[in-house]
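K.L.:
Let me begin by handing over the structure; questions about it come next.
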Amino acid sequence: MRDCNQGRFRQQVRFLRHQFLQDGDLPFSNLLSEEIIEKALTAVSFVWNDRIYTPIVTLWVFLGQVMSADHSCRAAVARLVAHRIANGDRPCSSETGAYCQARKRLPEQFFSTASRMVGRKLEDQVQGNWLWKGRHVYMFDGTTVSMPDTPKNQTAYPQVYNQKPGLGFPIARVCTIISLSCGAVLDLGISRYAGKGQGELSLLRKLWDTLSPGDVLLTDALMSTWYEMLMLKQRGVDSVSRLNKATRRADFRRGQRLGKGDHIVRWPKPGPMIRSLDWVAYKNLPDYLEVRETRVRVEQPGFRTKQIIVVTTLLDPDAVTKDDLASLYRSRWSQELDIRDIKITLQMDVLRCKTPELVHKEIWTHMLAYNLIRTVMAQAASRHELQPREISFKGTVQTLEAFQPLISFQGHQGATFRQQVYLQLLQAVASHRVADRPDRYEPRKRKRNPRKSEMMTKPRCELKRLMRKGVTKI
C-alpha cells in the first residue's frame, strides 16, 4: 500500500465495510473486501500523506453525499466532522475545499473499479433459486441525466439542439447492464445525448464484454437488430427482445412452426453494408441468423387486448416455452424500476459536479452506493427466504438512514451487540415488501398543484442586465 500508515488504512477499510454490513458472518458480507479496495487503489498514481482526506475517507464521504437527501458538499463535510468528534478525533475544517480537491485527485478508475467489482461479486454469489432456469439474465437499457450548465460540461455533453443557449442544461446518456436476479449494476457506459456513435447500440457494443457464455440479455425493441443478436450469439449469449416493427415484420406462415404464433425463421444478412463494419468484416458474416419469433397476447381487464412479438435466439421450445418467454420479457420492466430507483431515490437525475471528469466520478459513486444497498437487500432476502425483487429499494434506503447513527457509533458495544443490530436491520428491510402488480395503472396527473413560477426565456446574464435597468416585465 502507498499509505504511510498501514494500520490506519485497515481501520478505515473496516469502518467503510461496517457501514454496509460487510464485516459480519451474514451472507453477502464479503463483497466490499479489502482486496477490492486495494485493486481500486492501483489506479491511484500519486502517493498521499497521512492527511484527513485519504482515498478511503474521500470515498466514504462521497458515498454519504450521494445517498443523502442533501447532496451538498457542505453537508457531506459536516457529517465527517461529526463522525470525527464522536470518535474522539480532532475535528477537521468545515470548509469544503479540501474535500473537493481530494475528489478531484482521485481518478475515475478508482470509483469505476470498486463499483464494477462489487456488482460482479454480488451477482456471482446469488442463490440458484434467484436465477431464471439456472441462467444469469441481464437487462440493458439507457436513460439521460443533466448536469450544471458550465462551459466544460456543455462542451463534453451539449444540450439538446432545440434549446436556446443559456436556457438548457448539458445532458448525457447513461446505459447500464443490470442483473435481473439481484438488481446489481455490472457495468455502464456514458456518452453524449446525440451524435454519431453516441446511441444505445454503440454503448452496447462497448459493454458486451461484461457478458459470459450462457448468459441471457434482455432488451427493448431497439436492440432487436441482426448484427447485435448475431454477435451476442457468437459469444454464447442468448438475447430476448421485442420485435422492432419499424424495421421488420413477422410472418408466421413462414419458417419452422413450433406452435400457434411461435416459429423459427431465418433473418437474412442486412445489406448492402453495416455502417460499423468494413467490407471484409461484412463479407465474413454468415448469410442468415436463425431467430425464434413468438406472438404474446397481453390481456388486461378493461383494456383492449394487445399483441407483441418477442424475438430470441433461444430456439428450443422444450427448454424454453412460449409462456416462459412471455414471462421473461414482462420482467424487463424491472430495469425501468431500477433506473427510477437510481435517478429518483438516489437523486442522480440532476448531477451537481461542474466538470465532465467529476460528473463521471459522481455517476460511478452513485452506482457503487446502489450496488452496496443491493447487497443489504440480498442479505435480507437470503435470511428471510425471499427474492431480492420482493424487497423495496426505497424502504431499504430509509431503513439504512434510520439505523445509520446506531451503526456508525456502536464500535464500543462489541460484536454481539453489532450482530443483533444487523439482524434487526435486516428484519426491518425484509418487512418492506413490493407487491407484484403487473396490471396496475394510474393516471399520470397531479392532484396538488406545484408552486407557480415563471420559466426562464432569456439567459440569466441578460435577465440580470434588464433588472439593473429597472425593466419589470422580463
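Identifiers in this document derive from the order of the C-alpha cells: chains are assigned A, B, ..., residues are numbered from 1 separately in each chain, and ligands are numbered from 1 in order of occurrence.
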Show me, as a ChimeraX atom specification, the residues that have an atom within 7 Å of region 32-40 of chain A when counting only C-alpha atoms, minus same-chain residues fewer than 6 positions from it.
P.N.:
/A:13,17,22,110,113-114,117-118
K.L.:
For the residues selected in the previous step, produce a file with N, CA, C and O atoms as an mmCIF file, in the first residue's frame.
P.N.:
```cif
data_model
loop_
_atom_site.group_PDB
_atom_site.id
_atom_site.type_symbol
_atom_site.label_atom_id
_atom_site.label_comp_id
_atom_site.auth_asym_id
_atom_site.auth_seq_id
_atom_site.Cartn_x
_atom_site.Cartn_y
_atom_site.Cartn_z
ATOM 1 N N VAL A 13 -10.736 0.952 6.163
ATOM 2 C CA VAL A 13 -11.445 -0.036 5.357
ATOM 3 C C VAL A 13 -12.498 -0.758 6.199
ATOM 4 O O VAL A 13 -13.624 -0.987 5.747
ATOM 5 N N ARG A 17 -16.506 -0.840 5.424
ATOM 6 C CA ARG A 17 -17.260 -2.091 5.328
ATOM 7 C C ARG A 17 -18.361 -2.153 6.382
ATOM 8 O O ARG A 17 -19.440 -2.688 6.140
ATOM 9 N N GLN A 22 -20.769 -5.268 5.989
ATOM 10 C CA GLN A 22 -19.801 -6.091 5.288
ATOM 11 C C GLN A 22 -18.749 -6.685 6.215
ATOM 12 O O GLN A 22 -17.723 -7.181 5.745
ATOM 13 N N PHE A 110 -10.664 4.607 -10.065
ATOM 14 C CA PHE A 110 -10.794 4.204 -8.667
ATOM 15 C C PHE A 110 -12.250 3.915 -8.329
ATOM 16 O O PHE A 110 -12.589 2.890 -7.719
ATOM 17 N N THR A 113 -13.760 0.915 -10.795
ATOM 18 C CA THR A 113 -13.296 -0.430 -10.430
ATOM 19 C C THR A 113 -14.033 -0.953 -9.207
ATOM 20 O O THR A 113 -14.486 -2.111 -9.191
ATOM 21 N N ALA A 114 -14.172 -0.128 -8.192
ATOM 22 C CA ALA A 114 -14.883 -0.558 -6.989
ATOM 23 C C ALA A 114 -16.335 -0.893 -7.294
ATOM 24 O O ALA A 114 -16.868 -1.905 -6.828
ATOM 25 N N MET A 117 -16.574 -4.236 -9.471
ATOM 26 C CA MET A 117 -16.200 -5.448 -8.744
ATOM 27 C C MET A 117 -17.241 -5.818 -7.694
ATOM 28 O O MET A 117 -17.530 -6.997 -7.490
ATOM 29 N N VAL A 118 -17.814 -4.822 -7.025
ATOM 30 C CA VAL A 118 -18.869 -5.127 -6.052
ATOM 31 C C VAL A 118 -20.093 -5.696 -6.762
ATOM 32 O O VAL A 118 -20.691 -6.676 -6.309
#
```
K.L.:
When you look at region 224-237 of chain A with a cut-off of 6 Å (counting only C-alpha atoms), what residues show up, excluding the ones that are within fewer than 6 positions of it in the same chain? I need them as JSON, numbers by chain.
P.N.:
{"A": [213, 214, 215, 216]}
K.L.:
Excluding Pro317 (chain A) and its own-chain neighbours fewer than 3 positions away, which residues fall within 12 Å of it when counting only C-alpha atoms? Please give them as a PyMOL selection string.
P.N.:
chain A and resi 256-259+262-264+292-294+312-314+320-325
K.L.:
Contacts of Lys164 (chain A) at 10 Å or less, counting only C-alpha atoms, minus same-chain residues fewer than 6 places along, as a list of chain:residue names?
P.N.:
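Using only C-alpha atoms, the neighbours found are A:Thr457, A:Lys458, A:Pro459.
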K.L.:
From a backbone DSSP assignment, name each residue in region 154-227 of chain A labelled strand (DSSP E or B), as a PDB file with C-alpha atoms, in the first residue's frame.
P.N.:
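Output saved as out-v2.pdb:
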```
ATOM      1  CA  ILE A 171     -27.328  16.208 -20.980  1.00  0.00           C
ATOM      2  CA  ALA A 172     -25.603  12.824 -21.057  1.00  0.00           C
ATOM      3  CA  ARG A 173     -26.776   9.343 -21.991  1.00  0.00           C
ATOM      4  CA  VAL A 174     -26.110   6.590 -19.440  1.00  0.00           C
ATOM      5  CA  CYS A 175     -26.647   2.919 -20.382  1.00  0.00           C
ATOM      6  CA  THR A 176     -26.438   0.159 -17.793  1.00  0.00           C
ATOM      7  CA  ILE A 177     -26.243  -3.629 -17.643  1.00  0.00           C
ATOM      8  CA  ILE A 178     -28.298  -4.700 -14.622  1.00  0.00           C
ATOM      9  CA  SER A 179     -28.835  -8.167 -13.169  1.00  0.00           C
ATOM     10  CA  VAL A 185     -25.240  -2.854 -11.894  1.00  0.00           C
ATOM     11  CA  LEU A 186     -22.377  -4.716 -13.576  1.00  0.00           C
ATOM     12  CA  ASP A 187     -21.217  -2.004 -15.948  1.00  0.00           C
ATOM     13  CA  LEU A 188     -22.290   1.227 -17.584  1.00  0.00           C
ATOM     14  CA  GLY A 189     -21.407   3.486 -20.484  1.00  0.00           C
ATOM     15  CA  ILE A 190     -21.618   7.269 -20.767  1.00  0.00           C
ATOM     16  CA  SER A 191     -21.948   9.244 -23.990  1.00  0.00           C
ATOM     17  CA  ARG A 192     -23.470  12.363 -25.472  1.00  0.00           C
ATOM     18  CA  VAL A 216     -29.167 -14.108 -21.398  1.00  0.00           C
ATOM     19  CA  LEU A 217     -29.507 -10.444 -22.377  1.00  0.00           C
ATOM     20  CA  LEU A 218     -32.978  -8.893 -22.063  1.00  0.00           C
TER      21      LEU A 218
END
```
K.L.:
Can you tell me, as an NGL selection string, which residues in region 217-408 of chain A count as helix (DSSP H, G or I) by DSSP?
P.N.:
:A and (221-223 or 226-234 or 279-283 or 322-330 or 333-345 or 356-383 or 388-390 or 393-408)
K.L.:
Counting only C-alpha atoms, which residue out of A:Lys206, A:Arg451, A:Arg446, A:Lys394 sits closest to Arg433 (chain A)?
P.N.:
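So, comparing all the options, the nearest one is A:Lys394.
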K.L.:
Between CA of Val81 (chain A) and CA of Thr54 (chain A), what distance in Å does the model show, to one decimal?
P.N.:
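Atom-to-atom, CA of Val81 (chain A) and CA of Thr54 (chain A) are spaced 14.7 Å apart.
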K.L.:
With a cut-off of 9 Å, could you pull out the residues of region 104-136 of chain A touching region 375-383 of chain A and give me the nearest pair of atoms for each, distance in Å to one decimal, using only C-alpha atoms, ordered by chain and ascending number, as a Markdown table?
P.N.:
```
| residue | atom | partner | partner_atom | distance |
| --- | --- | --- | --- | --- |
| A:Val118 | CA | A:Thr375 | CA | 8.8 |
| A:Gly119 | CA | A:Thr375 | CA | 8.8 |
| A:Leu122 | CA | A:Thr375 | CA | 6.8 |
| A:Val126 | CA | A:Ala378 | CA | 8.1 |
| A:Gln127 | CA | A:Ser382 | CA | 8.1 |
```
K.L.:
What would the file look like if the residues just selected were written as a PDB file, in the first residue's frame with N, CA, C and O atoms?
P.N.:
```
ATOM      1  N   VAL A 118     -17.814  -4.822  -7.025  1.00  0.00           N
ATOM      2  CA  VAL A 118     -18.869  -5.127  -6.052  1.00  0.00           C
ATOM      3  C   VAL A 118     -20.093  -5.696  -6.762  1.00  0.00           C
ATOM      4  O   VAL A 118     -20.691  -6.676  -6.309  1.00  0.00           O
ATOM      5  N   GLY A 119     -20.482  -5.102  -7.893  1.00  0.00           N
ATOM      6  CA  GLY A 119     -21.623  -5.617  -8.638  1.00  0.00           C
ATOM      7  C   GLY A 119     -21.399  -7.024  -9.153  1.00  0.00           C
ATOM      8  O   GLY A 119     -22.283  -7.883  -9.063  1.00  0.00           O
ATOM      9  N   LEU A 122     -21.440  -9.574  -6.227  1.00  0.00           N
ATOM     10  CA  LEU A 122     -22.800  -9.828  -5.768  1.00  0.00           C
ATOM     11  C   LEU A 122     -23.523 -10.774  -6.719  1.00  0.00           C
ATOM     12  O   LEU A 122     -24.204 -11.715  -6.282  1.00  0.00           O
ATOM     13  N   VAL A 126     -25.207 -15.013  -6.061  1.00  0.00           N
ATOM     14  CA  VAL A 126     -26.655 -15.136  -5.910  1.00  0.00           C
ATOM     15  C   VAL A 126     -27.044 -16.605  -5.782  1.00  0.00           C
ATOM     16  O   VAL A 126     -26.373 -17.501  -6.306  1.00  0.00           O
ATOM     17  N   GLN A 127     -28.126 -16.830  -5.099  1.00  0.00           N
ATOM     18  CA  GLN A 127     -28.600 -18.197  -4.889  1.00  0.00           C
ATOM     19  C   GLN A 127     -29.208 -18.752  -6.175  1.00  0.00           C
ATOM     20  O   GLN A 127     -29.698 -18.017  -7.027  1.00  0.00           O
TER      21      GLN A 127
END
```
K.L.:
Tell me which of A:Val298, A:Val44, A:Met367, A:Leu386 sits closest to Ile339 (chain A), counting only C-alpha atoms.
P.N.:
A:Met367
K.L.:
Please report the interatomic distance between CA of Leu80 (chain A) and CA of Val61 (chain A) in Å with one decimal.
P.N.:
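Distance reported for this atom pair: 6.9 Å.
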K.L.:
What's the 8 Å shell around region 148-157 of chain A, counting only C-alpha atoms, without same-chain residues fewer than 4 positions away, as a compact mmCIF listing (two decimals) with N, CA and C atoms, in the first residue's frame?
P.N.:
```txt
# COMPACT_ATOMS: atom_id res chain seq x y z
N GLY A 166 -27.97 29.17 -23.11
CA GLY A 166 -28.18 29.78 -21.82
C GLY A 166 -29.43 29.36 -21.11
N GLY A 168 -30.78 25.93 -21.58
CA GLY A 168 -30.80 24.48 -21.38
C GLY A 168 -29.68 24.03 -20.46
N PHE A 169 -29.60 22.72 -20.29
CA PHE A 169 -28.57 22.12 -19.44
C PHE A 169 -27.86 21.02 -20.22
N PRO A 170 -26.57 20.82 -19.97
CA PRO A 170 -25.88 19.68 -20.58
C PRO A 170 -26.58 18.37 -20.23
N ILE A 171 -26.62 17.47 -21.17
CA ILE A 171 -27.33 16.21 -20.98
C ILE A 171 -26.46 15.07 -21.48
N ALA A 172 -26.41 13.99 -20.71
CA ALA A 172 -25.60 12.82 -21.06
C ALA A 172 -26.48 11.58 -21.08
N SER A 191 -22.19 8.60 -22.70
CA SER A 191 -21.95 9.24 -23.99
C SER A 191 -22.79 10.50 -24.09
N ARG A 192 -22.61 11.22 -25.21
CA ARG A 192 -23.47 12.36 -25.47
C ARG A 192 -24.89 11.90 -25.77
N TYR A 193 -25.80 12.85 -25.68
CA TYR A 193 -27.20 12.51 -25.94
C TYR A 193 -27.43 12.24 -27.42
N LEU A 351 -27.25 15.95 -11.73
CA LEU A 351 -25.95 15.86 -11.10
C LEU A 351 -25.49 17.25 -10.65
N ARG A 352 -24.46 17.29 -9.81
CA ARG A 352 -24.02 18.54 -9.20
C ARG A 352 -22.62 18.99 -9.62
N CYS A 353 -21.82 18.08 -10.13
CA CYS A 353 -20.42 18.42 -10.42
C CYS A 353 -20.32 19.28 -11.68
N LYS A 354 -19.29 20.13 -11.72
CA LYS A 354 -19.20 21.17 -12.73
C LYS A 354 -18.19 20.88 -13.83
N THR A 355 -17.55 19.72 -13.80
CA THR A 355 -16.64 19.33 -14.87
C THR A 355 -16.98 17.90 -15.30
N PRO A 356 -16.72 17.54 -16.56
CA PRO A 356 -17.04 16.18 -17.01
C PRO A 356 -16.32 15.10 -16.21
```
K.L.:
Using only C-alpha atoms, which of A:Ala402, A:Thr143, A:Glu200, A:Ser212 sits nearest Asp338 (chain A)?
P.N.:
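The answer is A:Thr143, which sits nearest to Asp338 (chain A).
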K.L.:
Could you jot down the CA of Asn162 (chain A) to CA of Glu454 (chain A) separation for me, Å, one decimal place?
P.N.:
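Interatomic distance here is 19.7 Å.
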K.L.:
Could you check the closest approach to Ala75 (chain A) for each of A:Tyr99, A:Tyr53, A:Trp364, A:Tyr161 and tell me which residue wins, using only C-alpha atoms?
P.N.:
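Of the candidates, the smallest distance to Ala75 (chain A) is held by A:Tyr99.
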